[in-house]
$ cat run-v5.txt   # compact mmCIF, C-alpha atoms
# COMPACT_ATOMS: atom_id res chain seq x y z
CA MET A 158 -32.01 -207.55 -207.75
CA ARG A 159 -35.27 -206.01 -206.50
CA ILE A 160 -35.12 -202.23 -206.92
CA GLY A 161 -37.45 -199.46 -205.82
CA VAL A 162 -37.75 -196.27 -207.86
CA LEU A 163 -39.42 -193.29 -206.21
CA GLY A 164 -40.94 -190.92 -208.75
CA THR A 165 -42.71 -191.30 -212.08
CA GLY A 166 -40.98 -188.61 -214.15
CA ILE A 167 -38.51 -189.04 -216.97
CA VAL A 168 -35.63 -189.88 -214.60
CA GLY A 169 -37.58 -192.62 -212.83
CA GLN A 170 -38.93 -194.01 -216.08
CA THR A 171 -35.50 -194.03 -217.73
CA ILE A 172 -33.61 -195.58 -214.83
CA GLY A 173 -36.44 -198.02 -214.13
CA GLY A 174 -36.63 -199.03 -217.78
CA LYS A 175 -32.90 -199.62 -217.99
CA LEU A 176 -32.87 -201.73 -214.83
CA VAL A 177 -35.77 -203.86 -216.07
CA ALA A 178 -33.96 -204.33 -219.38
CA LEU A 179 -30.93 -205.53 -217.42
CA GLY A 180 -33.09 -208.22 -215.81
CA HIS A 181 -33.88 -206.61 -212.46
CA GLU A 182 -37.32 -206.36 -210.87
CA VAL A 183 -38.38 -202.73 -210.43
CA LYS A 184 -41.29 -201.24 -208.48
CA MET A 185 -42.09 -197.62 -209.26
CA GLY A 186 -43.51 -195.68 -206.32
CA SER A 187 -45.69 -192.60 -206.33
CA ARG A 188 -48.17 -190.78 -204.09
CA SER A 189 -50.99 -193.05 -205.20
CA ALA A 190 -50.68 -196.75 -205.97
CA THR A 191 -52.36 -196.16 -209.34
CA HIS A 192 -50.47 -193.18 -210.77
CA GLU A 193 -51.24 -192.77 -214.48
CA LYS A 194 -47.59 -192.34 -215.51
CA ALA A 195 -46.52 -195.35 -213.43
CA LEU A 196 -49.28 -197.48 -214.99
CA ALA A 197 -48.13 -196.44 -218.47
CA TRP A 198 -44.51 -197.18 -217.58
CA VAL A 199 -45.37 -200.66 -216.24
CA ALA A 200 -47.34 -201.44 -219.41
CA GLU A 201 -44.30 -200.44 -221.47
CA ALA A 202 -41.58 -201.99 -219.32
CA GLY A 203 -43.10 -205.45 -219.04
CA ALA A 204 -43.37 -208.30 -216.58
CA ARG A 205 -40.51 -207.35 -214.24
CA ALA A 206 -42.01 -203.87 -213.69
CA SER A 207 -44.64 -203.07 -211.07
CA LEU A 208 -46.01 -200.06 -209.23
CA GLY A 209 -47.18 -199.00 -205.81
CA THR A 210 -46.96 -196.23 -203.24
CA PHE A 211 -43.64 -194.66 -202.23
CA ALA A 212 -43.66 -196.98 -199.20
CA ASP A 213 -44.45 -200.03 -201.37
CA ALA A 214 -41.53 -199.27 -203.70
CA ALA A 215 -39.13 -198.66 -200.82
CA ALA A 216 -40.22 -201.88 -199.09
CA PHE A 217 -39.78 -203.82 -202.33
CA GLY A 218 -36.31 -202.54 -203.13
CA GLU A 219 -33.08 -204.01 -201.83
CA LEU A 220 -31.76 -200.76 -203.33
CA VAL A 221 -33.82 -197.61 -203.88
CA PHE A 222 -33.45 -194.70 -206.33
CA ASN A 223 -34.93 -191.33 -205.38
CA CYS A 224 -36.06 -189.88 -208.73
CA THR A 225 -38.65 -187.43 -207.45
CA SER A 226 -38.63 -183.73 -208.26
CA GLY A 227 -36.54 -181.66 -205.88
CA ARG A 228 -39.66 -180.03 -204.42
CA GLY A 229 -41.32 -183.42 -203.91
CA SER A 230 -38.35 -185.24 -202.43
CA GLN A 231 -38.86 -184.68 -198.71
CA ASP A 232 -42.54 -185.70 -198.76
CA ALA A 233 -41.79 -188.83 -200.79
CA LEU A 234 -38.95 -189.87 -198.50
CA ALA A 235 -41.02 -189.17 -195.38
CA ALA A 236 -43.79 -191.41 -196.76
CA ALA A 237 -41.26 -194.24 -197.23
CA ALA A 238 -39.01 -193.58 -194.23
CA ALA A 239 -39.73 -196.78 -192.30
CA GLN A 240 -39.14 -198.90 -195.42
CA LEU A 241 -35.79 -197.23 -196.17
CA ASP A 242 -34.17 -198.10 -192.87
CA GLY A 243 -30.67 -199.48 -193.40
CA LYS A 244 -30.95 -199.40 -197.20
CA VAL A 245 -28.86 -197.62 -199.80
CA LEU A 246 -30.75 -194.70 -201.37
CA ILE A 247 -29.37 -193.26 -204.59
CA ASP A 248 -30.49 -189.63 -204.68
CA THR A 249 -30.74 -188.16 -208.17
CA THR A 250 -32.71 -185.02 -207.26
CA ASN A 251 -31.99 -181.36 -208.03
CA PRO A 252 -33.18 -178.28 -206.11
CA LEU A 253 -34.85 -176.62 -209.10
CA ASP A 254 -37.42 -173.88 -208.61
CA PHE A 255 -39.45 -173.25 -211.76
CA SER A 256 -41.86 -170.82 -210.08
CA ASN A 257 -40.38 -167.92 -212.04
CA GLY A 258 -40.21 -169.82 -215.32
CA PHE A 259 -37.13 -170.85 -217.26
CA PRO A 260 -34.28 -170.90 -216.47
CA PRO A 261 -35.10 -172.25 -213.01
CA THR A 262 -33.30 -171.04 -209.90
CA LEU A 263 -31.92 -173.18 -207.08
CA PHE A 264 -33.82 -173.36 -203.82
CA THR A 265 -31.07 -174.68 -201.57
CA GLY A 266 -28.53 -171.98 -202.36
CA GLY A 267 -25.29 -173.73 -201.64
CA THR A 268 -25.64 -173.74 -197.85
CA ASP A 269 -27.59 -176.99 -197.77
CA SER A 270 -28.54 -179.65 -200.29
CA LEU A 271 -31.26 -182.16 -201.01
CA GLY A 272 -28.73 -184.91 -200.39
CA GLU A 273 -28.07 -183.62 -196.86
CA GLN A 274 -31.78 -183.08 -196.24
CA ALA A 275 -32.46 -186.69 -197.23
CA GLN A 276 -29.70 -187.97 -194.95
CA ARG A 277 -30.97 -185.87 -192.03
CA LEU A 278 -34.54 -187.08 -192.57
CA LEU A 279 -33.37 -190.70 -192.81
CA PRO A 280 -30.45 -191.10 -190.41
CA SER A 281 -30.45 -194.91 -190.69
CA CYS A 282 -30.56 -194.87 -194.48
CA ARG A 283 -27.32 -194.70 -196.45
CA VAL A 284 -27.81 -191.84 -198.92
CA VAL A 285 -25.52 -191.65 -201.93
CA LYS A 286 -25.87 -188.65 -204.24
CA ALA A 287 -25.35 -189.79 -207.81
CA LEU A 288 -26.41 -189.20 -211.41
CA SER A 289 -28.12 -185.87 -210.65
CA HIS A 290 -25.82 -183.78 -212.82
CA ILE A 291 -26.66 -185.25 -216.25
CA THR A 292 -29.79 -185.72 -218.29
CA ALA A 293 -31.73 -188.99 -217.88
CA SER A 294 -30.64 -190.56 -221.16
CA VAL A 295 -26.96 -190.04 -220.29
CA MET A 296 -27.44 -191.47 -216.79
CA VAL A 297 -28.16 -194.89 -218.28
CA ASP A 298 -26.07 -194.58 -221.46
CA PRO A 299 -22.86 -192.67 -220.73
CA GLY A 300 -21.37 -194.06 -223.94
CA SER A 301 -23.72 -191.76 -225.87
CA VAL A 302 -21.48 -188.82 -224.86
CA ASN A 303 -17.82 -188.63 -225.95
CA CYS A 304 -17.51 -192.43 -226.06
CA GLY A 305 -18.13 -192.50 -222.30
CA ASP A 306 -15.05 -190.43 -221.49
CA HIS A 307 -16.54 -188.10 -218.85
CA ASP A 308 -17.30 -188.11 -215.13
CA ALA A 309 -19.93 -189.50 -212.80
CA LEU A 310 -19.89 -187.66 -209.47
CA ILE A 311 -20.97 -189.32 -206.24
CA CYS A 312 -20.84 -188.50 -202.53
CA GLY A 313 -22.18 -189.86 -199.27
CA ASN A 314 -21.27 -190.67 -195.69
CA ASP A 315 -21.08 -194.48 -195.98
CA ALA A 316 -17.99 -195.84 -197.75
CA GLN A 317 -19.52 -199.28 -198.35
CA ALA A 318 -22.65 -197.77 -199.88
CA LYS A 319 -20.54 -195.58 -202.17
CA ALA A 320 -18.49 -198.58 -203.26
CA GLN A 321 -21.69 -200.44 -204.12
CA VAL A 322 -23.08 -197.47 -206.08
CA SER A 323 -19.78 -196.90 -207.86
CA GLY A 324 -19.74 -200.56 -208.85
CA LEU A 325 -23.28 -200.56 -210.21
CA LEU A 326 -22.69 -197.33 -212.14
CA GLN A 327 -19.80 -199.06 -213.84
CA GLU A 328 -21.15 -202.60 -214.22
CA TRP A 329 -24.83 -201.91 -214.88
CA LEU A 330 -24.77 -198.53 -216.60
CA GLY A 331 -21.34 -198.47 -218.22
CA TRP A 332 -19.75 -195.50 -216.44
CA ARG A 333 -15.96 -195.58 -216.82
CA ARG A 334 -15.06 -192.63 -214.56
CA VAL A 335 -16.69 -192.33 -211.11
CA ARG A 336 -15.43 -189.58 -208.81
CA ASP A 337 -16.16 -189.85 -205.09
CA LEU A 338 -16.30 -186.26 -203.80
CA GLY A 339 -16.48 -187.16 -200.11
CA ASP A 340 -19.27 -186.98 -197.55
CA ILE A 341 -22.87 -186.05 -198.27
CA SER A 342 -22.16 -182.32 -197.84
CA SER A 343 -20.50 -182.47 -201.28
CA ALA A 344 -24.05 -182.74 -202.62
CA ARG A 345 -24.03 -178.94 -202.30
CA GLY A 346 -21.43 -178.75 -205.02
CA ILE A 347 -23.03 -181.37 -207.24
CA GLU A 348 -26.47 -179.75 -206.92
CA CYS A 349 -25.20 -176.18 -207.44
CA TYR A 350 -23.57 -177.30 -210.69
CA VAL A 351 -27.05 -177.73 -212.18
CA ALA A 352 -27.20 -173.92 -212.46
CA LEU A 353 -24.23 -174.11 -214.83
CA TRP A 354 -25.61 -177.23 -216.54
CA ILE A 355 -28.70 -175.27 -217.59
CA ARG A 356 -26.55 -172.58 -219.22
CA LEU A 357 -24.27 -175.12 -220.85
CA MET A 358 -27.33 -176.89 -222.28
CA GLY A 359 -28.26 -173.65 -224.02
CA GLN A 360 -24.77 -173.27 -225.46
CA VAL A 361 -24.35 -176.92 -226.45
CA GLY A 362 -27.87 -176.91 -227.90
CA SER A 363 -28.76 -180.26 -226.34
CA PRO A 364 -29.01 -181.86 -222.88
CA THR A 365 -26.85 -184.75 -224.10
CA PHE A 366 -23.49 -183.64 -222.72
CA ASN A 367 -21.41 -183.87 -219.57
CA ILE A 368 -18.21 -182.55 -218.07
CA LYS A 369 -14.88 -184.29 -217.92
CA VAL A 370 -12.59 -183.17 -215.12
CA VAL A 371 -9.05 -182.76 -216.44
CA SER A 372 -5.84 -181.93 -214.61
CA MET B 33 -2.45 -151.83 -224.06
CA ARG B 34 -3.06 -150.00 -220.78
CA ILE B 35 -4.89 -152.29 -218.37
CA GLY B 36 -6.40 -151.70 -214.95
CA VAL B 37 -6.53 -154.50 -212.39
CA LEU B 38 -8.81 -154.02 -209.39
CA GLY B 39 -7.67 -156.05 -206.41
CA THR B 40 -4.34 -157.05 -204.92
CA GLY B 41 -4.92 -160.75 -204.20
CA ILE B 42 -3.48 -163.75 -205.97
CA VAL B 43 -5.81 -163.36 -208.97
CA GLY B 44 -4.91 -159.71 -209.53
CA GLN B 45 -1.22 -160.38 -209.02
CA THR B 46 -1.22 -163.35 -211.39
CA ILE B 47 -3.22 -161.71 -214.17
CA GLY B 48 -1.35 -158.42 -213.75
CA GLY B 49 2.00 -160.18 -213.82
CA LYS B 50 1.13 -162.11 -216.96
CA LEU B 51 -0.08 -158.97 -218.76
CA VAL B 52 3.09 -157.08 -217.84
CA ALA B 53 5.16 -160.01 -219.09
CA LEU B 54 3.26 -159.79 -222.37
CA GLY B 55 4.34 -156.15 -222.72
CA HIS B 56 1.23 -154.37 -221.47
CA GLU B 57 1.15 -151.54 -218.94
CA VAL B 58 -0.80 -152.51 -215.83
CA LYS B 59 -2.03 -150.38 -212.93
CA MET B 60 -3.18 -152.31 -209.87
CA GLY B 61 -5.91 -150.57 -207.89
CA SER B 62 -6.85 -150.95 -204.24
CA ARG B 63 -8.62 -149.04 -201.49
CA SER B 64 -5.50 -147.03 -200.72
CA ALA B 65 -2.99 -145.82 -203.30
CA THR B 66 -0.18 -147.37 -201.23
CA HIS B 67 -1.45 -150.88 -200.52
CA GLU B 68 1.36 -153.09 -199.22
CA LYS B 69 0.57 -156.02 -201.53
CA ALA B 70 0.30 -153.72 -204.55
CA LEU B 71 3.65 -152.12 -203.69
CA ALA B 72 5.25 -155.55 -203.45
CA TRP B 73 3.67 -156.61 -206.75
CA VAL B 74 4.94 -153.49 -208.55
CA ALA B 75 8.45 -154.05 -207.20
CA GLU B 76 8.31 -157.61 -208.56
CA ALA B 77 6.58 -156.92 -211.87
CA GLY B 78 8.85 -154.09 -213.00
CA ALA B 79 8.70 -150.88 -215.01
CA ARG B 80 5.38 -151.44 -216.79
CA ALA B 81 3.60 -152.03 -213.49
CA SER B 82 2.14 -149.28 -211.31
CA LEU B 83 -0.41 -148.85 -208.55
CA GLY B 84 -3.13 -146.50 -207.39
CA THR B 85 -6.66 -146.37 -206.06
CA PHE B 86 -9.49 -148.37 -207.62
CA ALA B 87 -10.47 -145.18 -209.49
CA ASP B 88 -6.86 -144.60 -210.64
CA ALA B 89 -6.58 -148.12 -212.04
CA ALA B 90 -9.97 -147.89 -213.78
CA ALA B 91 -9.07 -144.50 -215.28
CA PHE B 92 -5.73 -145.87 -216.49
CA GLY B 93 -7.12 -148.99 -218.14
CA GLU B 94 -8.45 -149.19 -221.66
CA LEU B 95 -9.61 -152.55 -220.36
CA VAL B 96 -10.19 -153.41 -216.68
CA PHE B 97 -10.11 -156.70 -214.75
CA ASN B 98 -12.15 -157.00 -211.56
CA CYS B 99 -10.05 -159.29 -209.36
CA THR B 100 -11.42 -158.27 -205.98
CA SER B 101 -12.89 -160.70 -203.47
CA GLY B 102 -16.57 -161.38 -203.98
CA ARG B 103 -17.42 -159.53 -200.75
CA GLY B 104 -15.32 -156.52 -201.79
CA SER B 105 -16.50 -156.27 -205.37
CA GLN B 106 -19.42 -153.85 -205.09
CA ASP B 107 -17.47 -151.30 -203.02
CA ALA B 108 -14.49 -151.44 -205.36
CA LEU B 109 -16.65 -151.00 -208.45
CA ALA B 110 -18.62 -148.17 -206.83
CA ALA B 111 -15.35 -146.37 -206.08
CA ALA B 112 -14.33 -146.65 -209.74
CA ALA B 113 -17.76 -146.26 -211.34
CA ALA B 114 -17.16 -142.96 -213.15
CA GLN B 115 -13.88 -144.24 -214.58
CA LEU B 116 -15.46 -147.47 -215.90
CA ASP B 117 -18.04 -145.74 -218.09
CA GLY B 118 -18.14 -147.35 -221.54
CA LYS B 119 -15.25 -149.71 -220.81
CA VAL B 120 -15.05 -153.49 -220.89
CA LEU B 121 -14.81 -154.95 -217.38
CA ILE B 122 -13.70 -158.57 -217.06
CA ASP B 123 -15.24 -159.87 -213.85
CA THR B 124 -13.35 -162.77 -212.27
CA THR B 125 -15.07 -162.69 -208.86
CA ASN B 126 -16.77 -165.47 -206.91
CA PRO B 127 -19.49 -165.15 -204.24
CA LEU B 128 -17.57 -167.02 -201.55
CA ASP B 129 -18.52 -166.68 -197.91
CA PHE B 130 -15.76 -167.92 -195.59
CA SER B 131 -17.51 -166.71 -192.42
CA ASN B 132 -18.20 -170.31 -191.38
CA GLY B 133 -14.76 -171.59 -192.35
CA PHE B 134 -13.85 -174.04 -195.10
CA PRO B 135 -15.46 -175.09 -197.34
CA PRO B 136 -16.99 -171.67 -198.03
CA THR B 137 -20.65 -171.27 -198.96
CA LEU B 138 -22.07 -169.09 -201.74
CA PHE B 139 -23.70 -165.81 -200.81
CA THR B 140 -25.66 -165.19 -204.02
CA GLY B 141 -27.50 -168.50 -204.03
CA GLY B 142 -28.25 -168.92 -207.71
CA THR B 143 -30.96 -166.26 -207.91
CA ASP B 144 -28.50 -163.45 -208.61
CA SER B 145 -24.78 -163.20 -209.32
CA LEU B 146 -21.84 -160.87 -208.84
CA GLY B 147 -21.72 -160.45 -212.61
CA GLU B 148 -25.30 -159.19 -212.68
CA GLN B 149 -24.71 -157.00 -209.64
CA ALA B 150 -21.73 -155.41 -211.37
CA GLN B 151 -23.73 -154.81 -214.55
CA ARG B 152 -26.63 -153.28 -212.58
CA LEU B 153 -24.24 -151.02 -210.64
CA LEU B 154 -22.46 -149.96 -213.85
CA PRO B 155 -25.12 -149.83 -216.59
CA SER B 156 -22.78 -148.04 -219.04
CA CYS B 157 -19.92 -150.47 -218.46
CA ARG B 158 -19.73 -153.66 -220.53
CA VAL B 159 -19.30 -156.47 -218.00
CA VAL B 160 -17.99 -159.82 -219.21
CA LYS B 161 -17.79 -162.65 -216.71
CA ALA B 162 -14.67 -164.70 -217.41
CA LEU B 163 -11.94 -166.77 -215.78
CA SER B 164 -13.73 -167.01 -212.43
CA HIS B 165 -14.10 -170.79 -212.51
CA ILE B 166 -10.42 -171.81 -212.42
CA THR B 167 -7.50 -171.16 -210.15
CA ALA B 168 -5.29 -168.14 -210.89
CA SER B 169 -2.36 -170.06 -212.34
CA VAL B 170 -4.63 -171.83 -214.84
CA MET B 171 -6.27 -168.53 -215.85
CA VAL B 172 -3.00 -167.36 -217.37
CA ASP B 173 -1.54 -170.76 -218.32
CA PRO B 174 -4.33 -173.03 -219.57
CA GLY B 175 -1.70 -175.25 -221.20
CA SER B 176 -0.68 -176.38 -217.70
CA VAL B 177 -3.87 -178.48 -217.57
CA ASN B 178 -4.51 -181.34 -220.03
CA CYS B 179 -2.43 -179.62 -222.75
CA GLY B 180 -4.98 -176.77 -222.80
CA ASP B 181 -7.84 -179.03 -223.83
CA HIS B 182 -10.59 -177.67 -221.52
CA ASP B 183 -13.08 -174.81 -221.41
CA ALA B 184 -13.08 -171.12 -220.65
CA LEU B 185 -16.62 -169.92 -219.88
CA ILE B 186 -17.71 -166.35 -220.56
CA CYS B 187 -20.99 -164.41 -220.57
CA GLY B 188 -22.17 -160.83 -220.86
CA ASN B 189 -24.75 -158.59 -222.50
CA ASP B 190 -22.47 -156.94 -225.11
CA ALA B 191 -21.52 -159.11 -228.09
CA GLN B 192 -18.61 -156.88 -229.12
CA ALA B 193 -17.16 -156.92 -225.61
CA LYS B 194 -17.44 -160.70 -225.47
CA ALA B 195 -15.71 -161.02 -228.84
CA GLN B 196 -12.86 -158.86 -227.55
CA VAL B 197 -12.56 -160.88 -224.34
CA SER B 198 -12.73 -164.18 -226.21
CA GLY B 199 -9.97 -162.95 -228.50
CA LEU B 200 -7.66 -161.88 -225.70
CA LEU B 201 -8.23 -165.12 -223.79
CA GLN B 202 -7.05 -166.97 -226.87
CA GLU B 203 -4.31 -164.65 -228.13
CA TRP B 204 -2.86 -163.40 -224.86
CA LEU B 205 -3.48 -166.28 -222.48
CA GLY B 206 -3.56 -169.28 -224.80
CA TRP B 207 -7.11 -170.52 -224.27
CA ARG B 208 -8.17 -172.85 -227.09
CA ARG B 209 -11.82 -173.38 -226.11
CA VAL B 210 -13.96 -170.37 -225.11
CA ARG B 211 -17.68 -170.99 -224.55
CA ASP B 212 -20.04 -167.99 -224.64
CA LEU B 213 -22.93 -168.92 -222.34
CA GLY B 214 -25.13 -165.95 -223.24
CA ASP B 215 -26.14 -162.81 -221.36
CA ILE B 216 -24.80 -161.77 -217.98
CA SER B 217 -27.45 -163.80 -216.13
CA SER B 218 -25.40 -166.87 -217.04
CA ALA B 219 -22.96 -165.64 -214.40
CA ARG B 220 -25.32 -167.40 -211.97
CA GLY B 221 -24.34 -170.72 -213.47
CA ILE B 222 -20.64 -169.94 -213.70
CA GLU B 223 -20.51 -168.66 -210.11
CA CYS B 224 -22.58 -171.53 -208.67
CA TYR B 225 -20.11 -173.98 -210.21
CA VAL B 226 -17.49 -172.81 -207.74
CA ALA B 227 -19.35 -174.85 -205.09
CA LEU B 228 -18.55 -177.96 -207.14
CA TRP B 229 -15.04 -176.70 -207.95
CA ILE B 230 -14.22 -176.68 -204.23
CA ARG B 231 -15.29 -180.32 -203.85
CA LEU B 232 -13.48 -181.35 -207.03
CA MET B 233 -10.32 -179.68 -205.73
CA GLY B 234 -10.48 -181.96 -202.69
CA GLN B 235 -10.89 -185.04 -204.88
CA VAL B 236 -8.25 -184.05 -207.46
CA GLY B 237 -5.89 -183.02 -204.65
CA SER B 238 -4.88 -179.79 -206.37
CA PRO B 239 -6.49 -176.59 -207.65
CA THR B 240 -4.76 -177.09 -211.00
CA PHE B 241 -7.63 -178.64 -212.95
CA ASN B 242 -10.60 -177.62 -215.02
CA ILE B 243 -13.65 -179.08 -216.74
CA LYS B 244 -14.00 -179.94 -220.39
CA VAL B 245 -17.55 -179.97 -221.71
CA VAL B 246 -18.06 -183.01 -223.93
CA SER B 247 -21.05 -184.02 -226.03

$ encode --input "run-v5.txt" --output "structure tokens"
Amino acid sequence: MRIGVLGTGIVGQTIGGKLVALGHEVKMGSRSATHEKALAWVAEAGARASLGTFADAAAFGELVFNCTSGRGSQDALAAAAAQLDGKVLIDTTNPLDFSNGFPPTLFTGGTDSLGEQAQRLLPSCRVVKALSHITASVMVDPGSVNCGDHDALICGNDAQAKAQVSGLLQEWLGWRRVRDLGDISSARGIECYVALWIRLMGQVGSPTFNIKVVS
Amino acid sequence: MRIGVLGTGIVGQTIGGKLVALGHEVKMGSRSATHEKALAWVAEAGARASLGTFADAAAFGELVFNCTSGRGSQDALAAAAAQLDGKVLIDTTNPLDFSNGFPPTLFTGGTDSLGEQAQRLLPSCRVVKALSHITASVMVDPGSVNCGDHDALICGNDAQAKAQVSGLLQEWLGWRRVRDLGDISSARGIECYVALWIRLMGQVGSPTFNIKVVS
């Protein structure tokens, strides 16, 4: 499949690298068509990897991952809006504000979410929140934590898009448990959890962990 | 032990009832000394249960649980401030705003927390955030979920107070896994999680669940 990845950070590089390794063609998008980190990633990832602007990556992808920073998300999506029409956008962003140092605070505050903002900005795009609540290495290798026995959390307004994303999380990335939390407003819950994730990371002593919902 | 419970809702009733059943003396505090729900609880809980004002309950307790609503917490603690001096206060509150219906939003927003507000209001009191991230029945019966194999989360500034709370969670209530997330600022993470808890409750179809941190 042809896949667009918006953002050149560790999440974009990790997801993009995994998808290339699985045999997909991936275009990494950034503000400029010649972003230094995207160039380095393409050199590393090989022949099925390419780079371009946010709009180039969105146009290229049959499926698009939003892997920008939370603060950069709206501008990136606005730059690619016309190319995202009708497509499934997997939103992995978190509303982290590092302006006061570490630990970061949240800038959406539980009354809105980046997932909802993306869906409002792109009404014809099918936004699915997914993968935002774990570290990049676990996103693409859930088996590295507790033999894969823990939860992926997704939400979105389009049932067909969620079914597609749930399927690719399982078939491409190896997730065994995918929980659909409902419409895109559930992104508030998923994104707020990152405030706990940060504290758990300190206690666990590593970002390589996740939660398993038990009842 | 003599224990004060601030608040007459389901959390206060459930924790108070469990502590009485364990043989402790419990005074439930509310705005009035003759609160209808506290009277009903005392009639149900029996001879070791009593009621009074917030200040009465705090004065009575060698240990005090704050089981008020998030919105009511500061007023309740202010009313009992002199009686909480030097004591351990277990804060179970959540910053839930139901003014726009269900699902509620959070009113602290991840840049502050009820736990920190309590500690600032009561600098000589030793506040330990605990039990706020599960439903009342699970607080006092963790074995009802996944055979008890899931996490209690606590935080606070006083190591001795946290050790006492961790001990009583295990010995009195049966918690097997207690994670100390650090100082009271970690209450931001624990309280923000409730936004995810609400969405998980919808997916699980019951409030009787919890998370297990796996690595």

$ closest_residue --input "run-v5.txt" --among "A:Gln321, A:Ser270, A:Ser207, A:Ser226" --to "chain B" --atoms "only C-alpha atoms"
A:Ser270

$ closest_atom_pairs --input "run-v5.txt" --of "segment 166-231 of chain A" --to "segment 297-301 of chain A" --cutoff "8 Å" --atoms "only C-alpha atoms" --output "JSON lines"
{"residue": "A:Thr171", "atom": "CA", "partner": "A:Val297", "partner_atom": "CA", "distance": 7.4}
{"residue": "A:Ile172", "atom": "CA", "partner": "A:Val297", "partner_atom": "CA", "distance": 6.5}
{"residue": "A:Lys175", "atom": "CA", "partner": "A:Val297", "partner_atom": "CA", "distance": 6.7}

$ interface_residues --input "run-v5.txt" --of "chain B" --to "chain A" --cutoff "7 Å" --atoms "all atoms listed in the file" --output "NGL selection string"
:B and (137-138 or 141-143 or 177-178 or 213 or 218 or 220-222 or 224-225 or 227-228 or 231-232 or 235 or 240-247)

$ atom_distance --input "run-v5.txt" --atom1 "atom CA of Arg333 of chain A" --atom2 "atom CA of Gly203 of chain A"
29.0 Å

$ closest_residue --input "run-v5.txt" --among "A:Ala309, A:Leu253, A:Asn223, A:Ser294" --to "Gly272 of chain A" --atoms "all atoms listed in the file"
A:Asn223

$ atom_distance --input "run-v5.txt" --atom1 "atom CA of Gln45 of chain B" --atom2 "atom CA of Trp73 of chain B"
6.6 Å

$ residues_around --input "run-v5.txt" --residues "segment 149-154 of chain B" --least-positions-apart "3" --cutoff "7 Å" --atoms "all atoms listed in the file" --output "JSON, numbers by chain"
{"B": [106, 113, 145, 146, 157, 159]}

$ atom_distance --input "run-v5.txt" --atom1 "atom CA of Val96 of chain B" --atom2 "atom CA of Arg209 of chain B"
22.1 Å

$ residues_around --input "run-v5.txt" --residues "segment 34-43 of chain B" --least-positions-apart "3" --cutoff "8 Å" --atoms "only C-alpha atoms" --output "number ranges by chain"
B: 46-48, 56-62, 69-70, 86, 89-101, 108, 168

$ closest_residue --input "run-v5.txt" --among "A:Ala237, A:Trp332, A:Arg228, A:Glu193" --to "Phe255 of chain A" --atoms "only C-alpha atoms"
A:Arg228

$ residues_around --input "run-v5.txt" --residues "Ala53 of chain B" --least-positions-apart "4" --cutoff "9 Å" --atoms "only C-alpha atoms" --output "VMD selection string"
chain B and resid 48 to 49 77 80

$ decode --input "run-v5.txt" --residues "segment 330-363 of chain A" --atoms "C-alpha atoms" --output "mmCIF file, in the first residue's frame"
data_model
loop_
_atom_site.group_PDB
_atom_site.id
_atom_site.type_symbol
_atom_site.label_atom_id
_atom_site.label_comp_id
_atom_site.auth_asym_id
_atom_site.auth_seq_id
_atom_site.Cartn_x
_atom_site.Cartn_y
_atom_site.Cartn_z
ATOM 1 C CA LEU A 330 1.814 -4.429 13.746
ATOM 2 C CA GLY A 331 0.847 -7.489 15.783
ATOM 3 C CA TRP A 332 -1.634 -5.963 18.239
ATOM 4 C CA ARG A 333 -3.783 -8.674 19.837
ATOM 5 C CA ARG A 334 -6.183 -6.458 21.817
ATOM 6 C CA VAL A 335 -7.780 -3.416 20.129
ATOM 7 C CA ARG A 336 -10.447 -1.524 22.080
ATOM 8 C CA ASP A 337 -12.808 0.756 20.166
ATOM 9 C CA LEU A 338 -13.820 3.491 22.631
ATOM 10 C CA GLY A 339 -16.491 5.052 20.432
ATOM 11 C CA ASP A 340 -16.663 8.310 18.513
ATOM 12 C CA ILE A 341 -13.828 10.795 18.107
ATOM 13 C CA SER A 342 -14.737 12.594 21.354
ATOM 14 C CA SER A 343 -13.166 9.621 23.173
ATOM 15 C CA ALA A 344 -9.850 11.088 22.026
ATOM 16 C CA ARG A 345 -10.230 13.325 25.092
ATOM 17 C CA GLY A 346 -9.831 10.302 27.311
ATOM 18 C CA ILE A 347 -7.019 8.747 25.307
ATOM 19 C CA GLU A 348 -5.099 12.037 25.163
ATOM 20 C CA CYS A 349 -5.633 12.890 28.852
ATOM 21 C CA TYR A 350 -4.157 9.513 29.782
ATOM 22 C CA VAL A 351 -0.766 10.757 28.581
ATOM 23 C CA ALA A 352 -0.575 12.796 31.813
ATOM 24 C CA LEU A 353 -0.671 9.507 33.726
ATOM 25 C CA TRP A 354 1.620 7.805 31.205
ATOM 26 C CA ILE A 355 4.354 10.334 31.993
ATOM 27 C CA ARG A 356 4.127 9.559 35.718
ATOM 28 C CA LEU A 357 3.987 5.824 35.111
ATOM 29 C CA MET A 358 7.107 6.099 32.937
ATOM 30 C CA GLY A 359 8.939 7.562 35.925
ATOM 31 C CA GLN A 360 7.776 4.743 38.184
ATOM 32 C CA VAL A 361 8.385 1.950 35.672
ATOM 33 C CA GLY A 362 11.754 3.491 34.802
ATOM 34 C CA SER A 363 11.245 3.052 31.061
#
